[in-house]
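Trainee: File coords-v8.pdb follows (PDB, C-alpha atoms, pLDDT in the B column):
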```
ATOM      1  CA  MET A 229      -0.781   9.302   7.014  1.00 74.00           C
ATOM      2  CA  ILE A 230      -3.342   8.123   4.518  1.00 90.00           C
ATOM      3  CA  ALA A 231      -1.179   5.321   3.116  1.00 93.00           C
ATOM      4  CA  GLU A 232      -1.538   3.130   6.190  1.00 96.00           C
ATOM      5  CA  GLU A 233      -5.313   3.472   6.385  1.00 96.00           C
ATOM      6  CA  PHE A 234      -5.687   3.033   2.606  1.00 95.00           C
ATOM      7  CA  LYS A 235      -3.641  -0.170   2.717  1.00 95.00           C
ATOM      8  CA  LYS A 236      -5.567  -1.414   5.767  1.00 97.00           C
ATOM      9  CA  ILE A 237      -8.952  -0.961   4.081  1.00 97.00           C
ATOM     10  CA  ILE A 238      -7.783  -2.585   0.847  1.00 95.00           C
ATOM     11  CA  SER A 239      -6.241  -5.478   2.804  1.00 95.00           C
ATOM     12  CA  GLU A 240      -9.555  -6.054   4.577  1.00 95.00           C
ATOM     13  CA  ARG A 241     -11.376  -5.919   1.242  1.00 94.00           C
ATOM     14  CA  ILE A 242      -8.973  -8.459  -0.277  1.00 92.00           C
ATOM     15  CA  TYR A 243      -9.382 -10.703   2.771  1.00 93.00           C
ATOM     16  CA  ILE A 244     -13.171 -10.585   2.400  1.00 92.00           C
ATOM     17  CA  SER A 245     -12.866 -11.416  -1.285  1.00 90.00           C
ATOM     18  CA  LYS A 246     -10.638 -14.399  -0.645  1.00 90.00           C
ATOM     19  CA  THR A 247     -12.443 -15.825   2.366  1.00 92.00           C
ATOM     20  CA  THR A 248     -16.051 -15.330   1.261  1.00 91.00           C
ATOM     21  CA  ASP A 249     -15.715 -15.390  -2.526  1.00 89.00           C
ATOM     22  CA  ASP A 250     -17.256 -11.882  -2.447  1.00 84.00           C
ATOM     23  CA  GLU A 251     -20.402 -13.227  -0.811  1.00 87.00           C
ATOM     24  CA  TRP A 252     -20.339 -11.032   2.313  1.00 84.00           C
ATOM     25  CA  ASP A 253     -22.138  -7.908   1.146  1.00 90.00           C
ATOM     26  CA  TYR A 254     -22.071  -6.184   4.529  1.00 92.00           C
ATOM     27  CA  GLY A 255     -18.291  -6.492   4.837  1.00 92.00           C
ATOM     28  CA  ILE A 256     -17.705  -5.382   1.256  1.00 93.00           C
ATOM     29  CA  ASN A 257     -20.030  -2.404   1.665  1.00 95.00           C
ATOM     30  CA  LYS A 258     -18.330  -1.347   4.905  1.00 96.00           C
ATOM     31  CA  CYS A 259     -14.889  -1.455   3.264  1.00 96.00           C
ATOM     32  CA  CYS A 260     -16.177   0.519   0.294  1.00 96.00           C
ATOM     33  CA  GLU A 261     -17.822   3.092   2.545  1.00 97.00           C
ATOM     34  CA  ARG A 262     -14.628   3.532   4.560  1.00 97.00           C
ATOM     35  CA  LEU A 263     -12.529   3.895   1.400  1.00 98.00           C
ATOM     36  CA  ILE A 264     -14.930   6.468  -0.086  1.00 98.00           C
ATOM     37  CA  ASN A 265     -14.805   8.522   3.094  1.00 98.00           C
ATOM     38  CA  LEU A 266     -11.044   8.228   3.496  1.00 98.00           C
ATOM     39  CA  VAL A 267     -10.251   9.342  -0.039  1.00 98.00           C
ATOM     40  CA  SER A 268     -12.945  12.035  -0.145  1.00 97.00           C
ATOM     41  CA  ASP A 269     -12.035  13.525   3.229  1.00 97.00           C
ATOM     42  CA  ASN A 270      -8.305  13.539   2.429  1.00 96.00           C
ATOM     43  CA  LEU A 271      -8.466  14.202  -1.293  1.00 97.00           C
ATOM     44  CA  GLU A 272      -5.144  15.984  -1.812  1.00 97.00           C
ATOM     45  CA  GLU A 273      -3.184  13.373   0.123  1.00 97.00           C
ATOM     46  CA  SER A 274      -5.151  10.571  -1.562  1.00 97.00           C
ATOM     47  CA  ILE A 275      -4.379  11.917  -5.017  1.00 97.00           C
ATOM     48  CA  ASP A 276      -0.696  12.027  -4.134  1.00 97.00           C
ATOM     49  CA  TYR A 277      -0.845   8.441  -2.834  1.00 97.00           C
ATOM     50  CA  ILE A 278      -2.691   7.143  -5.902  1.00 97.00           C
ATOM     51  CA  LYS A 279      -0.268   8.914  -8.211  1.00 97.00           C
ATOM     52  CA  ASN A 280       2.934   7.805  -6.505  1.00 97.00           C
ATOM     53  CA  ASP A 281       2.396   4.719  -4.349  1.00 96.00           C
ATOM     54  CA  CYS A 282      -0.829   2.921  -5.258  1.00 96.00           C
ATOM     55  CA  THR A 283      -0.210  -0.701  -6.259  1.00 96.00           C
ATOM     56  CA  ALA A 284      -1.972  -2.491  -9.074  1.00 96.00           C
ATOM     57  CA  ASP A 285      -4.114  -4.464  -6.598  1.00 94.00           C
ATOM     58  CA  GLU A 286      -5.034  -1.333  -4.675  1.00 96.00           C
ATOM     59  CA  PHE A 287      -5.941   0.451  -7.887  1.00 97.00           C
ATOM     60  CA  SER A 288      -8.138  -2.468  -8.933  1.00 96.00           C
ATOM     61  CA  TYR A 289     -10.072  -2.364  -5.662  1.00 95.00           C
ATOM     62  CA  LEU A 290     -10.246   1.426  -5.765  1.00 97.00           C
ATOM     63  CA  SER A 291     -12.088   1.056  -9.073  1.00 97.00           C
ATOM     64  CA  GLU A 292     -15.067  -0.288  -7.104  1.00 95.00           C
ATOM     65  CA  VAL A 293     -15.660   3.157  -5.611  1.00 98.00           C
ATOM     66  CA  MET A 294     -14.282   5.611  -8.167  1.00 97.00           C
ATOM     67  CA  GLU A 295     -17.729   6.813  -9.168  1.00 97.00           C
ATOM     68  CA  GLU A 296     -18.841   7.486  -5.613  1.00 97.00           C
ATOM     69  CA  ILE A 297     -15.639   9.389  -4.833  1.00 98.00           C
ATOM     70  CA  ALA A 298     -15.913  11.467  -8.007  1.00 98.00           C
ATOM     71  CA  GLU A 299     -19.536  12.306  -7.312  1.00 97.00           C
ATOM     72  CA  LYS A 300     -18.792  13.236  -3.704  1.00 97.00           C
ATOM     73  CA  THR A 301     -15.675  15.316  -4.398  1.00 97.00           C
ATOM     74  CA  GLN A 302     -16.452  16.726  -7.844  1.00 97.00           C
ATOM     75  CA  SER A 303     -12.696  16.684  -8.451  1.00 97.00           C
ATOM     76  CA  GLN A 304     -11.307  16.700 -11.975  1.00 97.00           C
ATOM     77  CA  GLU A 305      -7.854  16.320 -10.429  1.00 98.00           C
ATOM     78  CA  PHE A 306      -9.001  12.973  -8.984  1.00 98.00           C
ATOM     79  CA  ILE A 307     -10.141  11.842 -12.438  1.00 98.00           C
ATOM     80  CA  ASP A 308      -6.875  13.004 -13.994  1.00 98.00           C
ATOM     81  CA  VAL A 309      -4.793  10.969 -11.532  1.00 98.00           C
ATOM     82  CA  LEU A 310      -6.970   7.912 -12.203  1.00 98.00           C
ATOM     83  CA  TYR A 311      -6.242   8.151 -15.929  1.00 98.00           C
ATOM     84  CA  GLU A 312      -2.550   8.695 -15.196  1.00 98.00           C
ATOM     85  CA  THR A 313      -2.410   5.693 -12.865  1.00 98.00           C
ATOM     86  CA  ALA A 314      -4.328   3.549 -15.335  1.00 98.00           C
ATOM     87  CA  LYS A 315      -1.439   3.962 -17.771  1.00 98.00           C
ATOM     88  CA  LYS A 316       0.856   2.316 -15.196  1.00 97.00           C
ATOM     89  CA  TYR A 317      -1.391  -0.742 -14.916  1.00 98.00           C
ATOM     90  CA  PRO A 318      -2.651  -1.650 -18.409  1.00 97.00           C
ATOM     91  CA  GLU A 319      -3.161  -5.336 -17.558  1.00 96.00           C
ATOM     92  CA  GLU A 320      -5.408  -4.587 -14.582  1.00 95.00           C
ATOM     93  CA  CYS A 321      -7.301  -2.003 -16.617  1.00 95.00           C
ATOM     94  CA  LYS A 322      -7.911  -4.605 -19.293  1.00 96.00           C
ATOM     95  CA  ASP A 323      -8.745  -7.438 -16.888  1.00 96.00           C
ATOM     96  CA  TYR A 324     -11.148  -5.386 -14.760  1.00 95.00           C
ATOM     97  CA  ASN A 325     -12.354  -2.853 -17.342  1.00 96.00           C
ATOM     98  CA  ILE A 326     -11.137  -0.023 -15.121  1.00 97.00           C
ATOM     99  CA  LEU A 327     -11.134   2.630 -17.847  1.00 97.00           C
ATOM    100  CA  SER A 328     -14.904   2.330 -18.112  1.00 97.00           C
ATOM    101  CA  PHE A 329     -15.192   2.997 -14.375  1.00 97.00           C
ATOM    102  CA  ILE A 330     -13.008   6.084 -14.740  1.00 98.00           C
ATOM    103  CA  LYS A 331     -15.100   7.349 -17.656  1.00 97.00           C
ATOM    104  CA  ASP A 332     -18.307   6.768 -15.689  1.00 97.00           C
ATOM    105  CA  ALA A 333     -16.793   8.607 -12.726  1.00 97.00           C
ATOM    106  CA  GLU A 334     -15.793  11.509 -14.941  1.00 97.00           C
ATOM    107  CA  GLU A 335     -19.366  11.855 -16.199  1.00 96.00           C
ATOM    108  CA  LEU A 336     -20.530  12.441 -12.626  1.00 95.00           C
ATOM    109  CA  ILE A 337     -18.481  15.611 -12.276  1.00 93.00           C
ATOM    110  CA  ALA A 338     -20.506  18.757 -12.920  1.00 75.00           C
ATOM    111  CA  LYS A 339     -18.818  20.810 -15.568  1.00 65.00           C
TER     112      LYS A 339
END
```
Rewrite the structure of this file - the entire thing - as structure tokens.

Mentor:
Amino acid sequence: MIAEEFKKIISERIYISKTTDDEWDYGINKCCERLINLVSDNLEESIDYIKNDCTADEFSYLSEVMEEIAEKTQSQEFIDVLYETAKKYPEECKDYNILSFIKDAEELIAK
């Protein structure tokens, strides 16, 4: 199930953030790459997870790769669930400017 792998990648990303003060580019990039591939390769299941089970922290870290996932998948459904989830976490969206990441991701989808 995607939930376990999603949580594992985000946990590793949070660990890197806390232990290196985001100064370990290789580790951050590897986590981001794994998350992009996981979500893109399992898009339907990922959308369901984001919509129903994604925590505020997970959503915040997902914002780091929203654009890459949108560009790779070309999925309007992915964008729609990001907007829907953003409504659940207004504080995080404000603190991390997540809506701008969603808008940028949406612009990468060929219409």

Trainee: Between CA of Tyr317 in chain A and CA of Glu273 in chain A, what is the spacing in Å?

Mentor: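 Straight-line distance from CA of Glu273 in chain A to CA of Tyr317 in chain A works out to 20.7 Å.
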
Trainee: Extract, using only C-alpha atoms, all DNA, RNA and protein residues at most 12 Å from Val267 in chain A, discarding same-chain residues fewer than 3 positions from it, and format them as a PyMOL selection string.

Mentor: chain A and resi 229-231+233-235+237+260-264+270-278+290+293-294+296-298+300-301+303+306

Trainee: Range 306-320 of chain A, all listed atoms, 5 Å padding on each side: what axis-aligned box centre and edge lengths in Å to one decimal come out, as AutoDock Vina command-line options?

Mentor:
```
--center_x -4.6 --center_y 3.8 --center_z -13.7 --size_x 21.0 --size_y 28.3 --size_z 19.4
```

Trainee: Which residue gives the smallest distance to Tyr254 in chain A among A:Arg241, A:Glu292, A:Asp332, A:Thr283, with all atoms listed in the file counted?

Mentor: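 Answer, going by the shortest atom-to-atom distance: A:Arg241.
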
Trainee: Can you list, as a list in words, every protein, DNA or RNA residue that comes within 10 Å of Glu335 in chain A when you count all atoms listed in the file, leaving out same-chain residues fewer than 3 positions away?

Mentor: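 In the requested form, the answer reads Glu295, Ala298, Glu299, Ile307, Phe329, Ile330, Lys331, Asp332, Ala338 and Lys339 of chain A.
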
Trainee: What is the distance between CA of Glu251 in chain A and CA of Pro318 in chain A, in Å to one decimal?

Mentor: 27.5 Å

Trainee: In Å, rounded to a single decimal, give me how far CA of Cys321 in chain A is from CA of Asp308 in chain A.

Mentor: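 CA of Cys321 in chain A lies 15.2 Å from CA of Asp308 in chain A.
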
Trainee: Could you pull the residues within 10 Å of Ile244 in chain A, counting only C-alpha atoms, minus those fewer than 6 positions along the same chain, as JSON, numbers by chain?

Mentor: {"A": [238, 250, 251, 252, 253, 255, 256, 259]}

Trainee: I'd like to know which of A:Lys246, A:Lys322, A:Lys236, A:Lys315 is closest to Lys279 in chain A, using only C-alpha atoms.

Mentor: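 Going through A:Lys246, A:Lys322, A:Lys236, A:Lys315 one by one, the smallest distance to Lys279 in chain A is for A:Lys315.
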
Trainee: Which residue gives the smallest distance to Gln302 in chain A among A:Tyr289, A:Asn325, A:Ile337, A:Ile242, with only C-alpha atoms counted?

Mentor: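 Smallest separation from Gln302 in chain A among the options: A:Ile337.
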
Trainee: Around the point (-2.9, 6.8, -9.7), in the coordinates given by the file, pick out the residues reaching within 7 Å, counting all atoms listed in the file, and return them as a PyMOL selection string.

Mentor: chain A and resi 278-280+282+309-310+312-314

Trainee: Could I see range 262-288 of chain A restored to N, CA and C atoms, set down as a compact mmCIF listing (two decimals), in the coordinates of the input?

Mentor:
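Listing of part.txt after writing:
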```txt
# COMPACT_ATOMS: atom_id res chain seq x y z
N ARG A 262 -15.82 2.98 3.89
CA ARG A 262 -14.63 3.53 4.56
C ARG A 262 -13.64 4.11 3.55
N LEU A 263 -13.46 3.42 2.42
CA LEU A 263 -12.53 3.90 1.40
C LEU A 263 -13.04 5.19 0.75
N ILE A 264 -14.33 5.25 0.47
CA ILE A 264 -14.93 6.47 -0.09
C ILE A 264 -14.69 7.64 0.85
N ASN A 265 -14.97 7.44 2.12
CA ASN A 265 -14.80 8.52 3.09
C ASN A 265 -13.34 8.91 3.26
N LEU A 266 -12.46 7.94 3.33
CA LEU A 266 -11.04 8.23 3.50
C LEU A 266 -10.52 9.08 2.34
N VAL A 267 -10.77 8.63 1.13
CA VAL A 267 -10.25 9.34 -0.04
C VAL A 267 -10.91 10.71 -0.17
N SER A 268 -12.22 10.76 0.01
CA SER A 268 -12.94 12.04 -0.14
C SER A 268 -12.54 13.06 0.91
N ASP A 269 -12.36 12.61 2.13
CA ASP A 269 -12.04 13.52 3.23
C ASP A 269 -10.57 13.97 3.21
N ASN A 270 -9.74 13.24 2.51
CA ASN A 270 -8.30 13.54 2.43
C ASN A 270 -7.89 13.54 0.96
N LEU A 271 -8.61 14.31 0.16
CA LEU A 271 -8.47 14.20 -1.29
C LEU A 271 -7.05 14.52 -1.78
N GLU A 272 -6.48 15.60 -1.33
CA GLU A 272 -5.14 15.98 -1.81
C GLU A 272 -4.11 14.91 -1.50
N GLU A 273 -4.12 14.42 -0.28
CA GLU A 273 -3.18 13.37 0.12
C GLU A 273 -3.48 12.06 -0.61
N SER A 274 -4.76 11.78 -0.84
CA SER A 274 -5.15 10.57 -1.56
C SER A 274 -4.68 10.62 -3.00
N ILE A 275 -4.83 11.76 -3.64
CA ILE A 275 -4.38 11.92 -5.02
C ILE A 275 -2.87 11.68 -5.10
N ASP A 276 -2.14 12.23 -4.17
CA ASP A 276 -0.70 12.03 -4.13
C ASP A 276 -0.36 10.54 -3.96
N TYR A 277 -1.08 9.87 -3.07
CA TYR A 277 -0.84 8.44 -2.83
C TYR A 277 -1.15 7.63 -4.09
N ILE A 278 -2.30 7.89 -4.70
CA ILE A 278 -2.69 7.14 -5.90
C ILE A 278 -1.66 7.35 -7.00
N LYS A 279 -1.22 8.57 -7.15
CA LYS A 279 -0.27 8.91 -8.21
C LYS A 279 1.10 8.26 -7.99
N ASN A 280 1.56 8.21 -6.77
CA ASN A 280 2.93 7.80 -6.50
C ASN A 280 3.14 6.42 -5.88
N ASP A 281 2.16 5.93 -5.13
CA ASP A 281 2.40 4.72 -4.35
C ASP A 281 1.36 3.62 -4.50
N CYS A 282 0.26 3.89 -5.14
CA CYS A 282 -0.83 2.92 -5.26
C CYS A 282 -0.36 1.71 -6.09
N THR A 283 -0.58 0.52 -5.54
CA THR A 283 -0.21 -0.70 -6.26
C THR A 283 -1.31 -1.08 -7.25
N ALA A 284 -1.00 -2.02 -8.10
CA ALA A 284 -1.97 -2.49 -9.07
C ALA A 284 -3.21 -3.08 -8.39
N ASP A 285 -2.99 -3.88 -7.34
CA ASP A 285 -4.11 -4.46 -6.60
C ASP A 285 -4.97 -3.38 -5.95
N GLU A 286 -4.30 -2.42 -5.32
CA GLU A 286 -5.03 -1.33 -4.68
C GLU A 286 -5.85 -0.55 -5.69
N PHE A 287 -5.24 -0.29 -6.84
CA PHE A 287 -5.94 0.45 -7.89
C PHE A 287 -7.16 -0.34 -8.38
N SER A 288 -7.02 -1.63 -8.50
CA SER A 288 -8.14 -2.47 -8.93
C SER A 288 -9.30 -2.39 -7.95
```
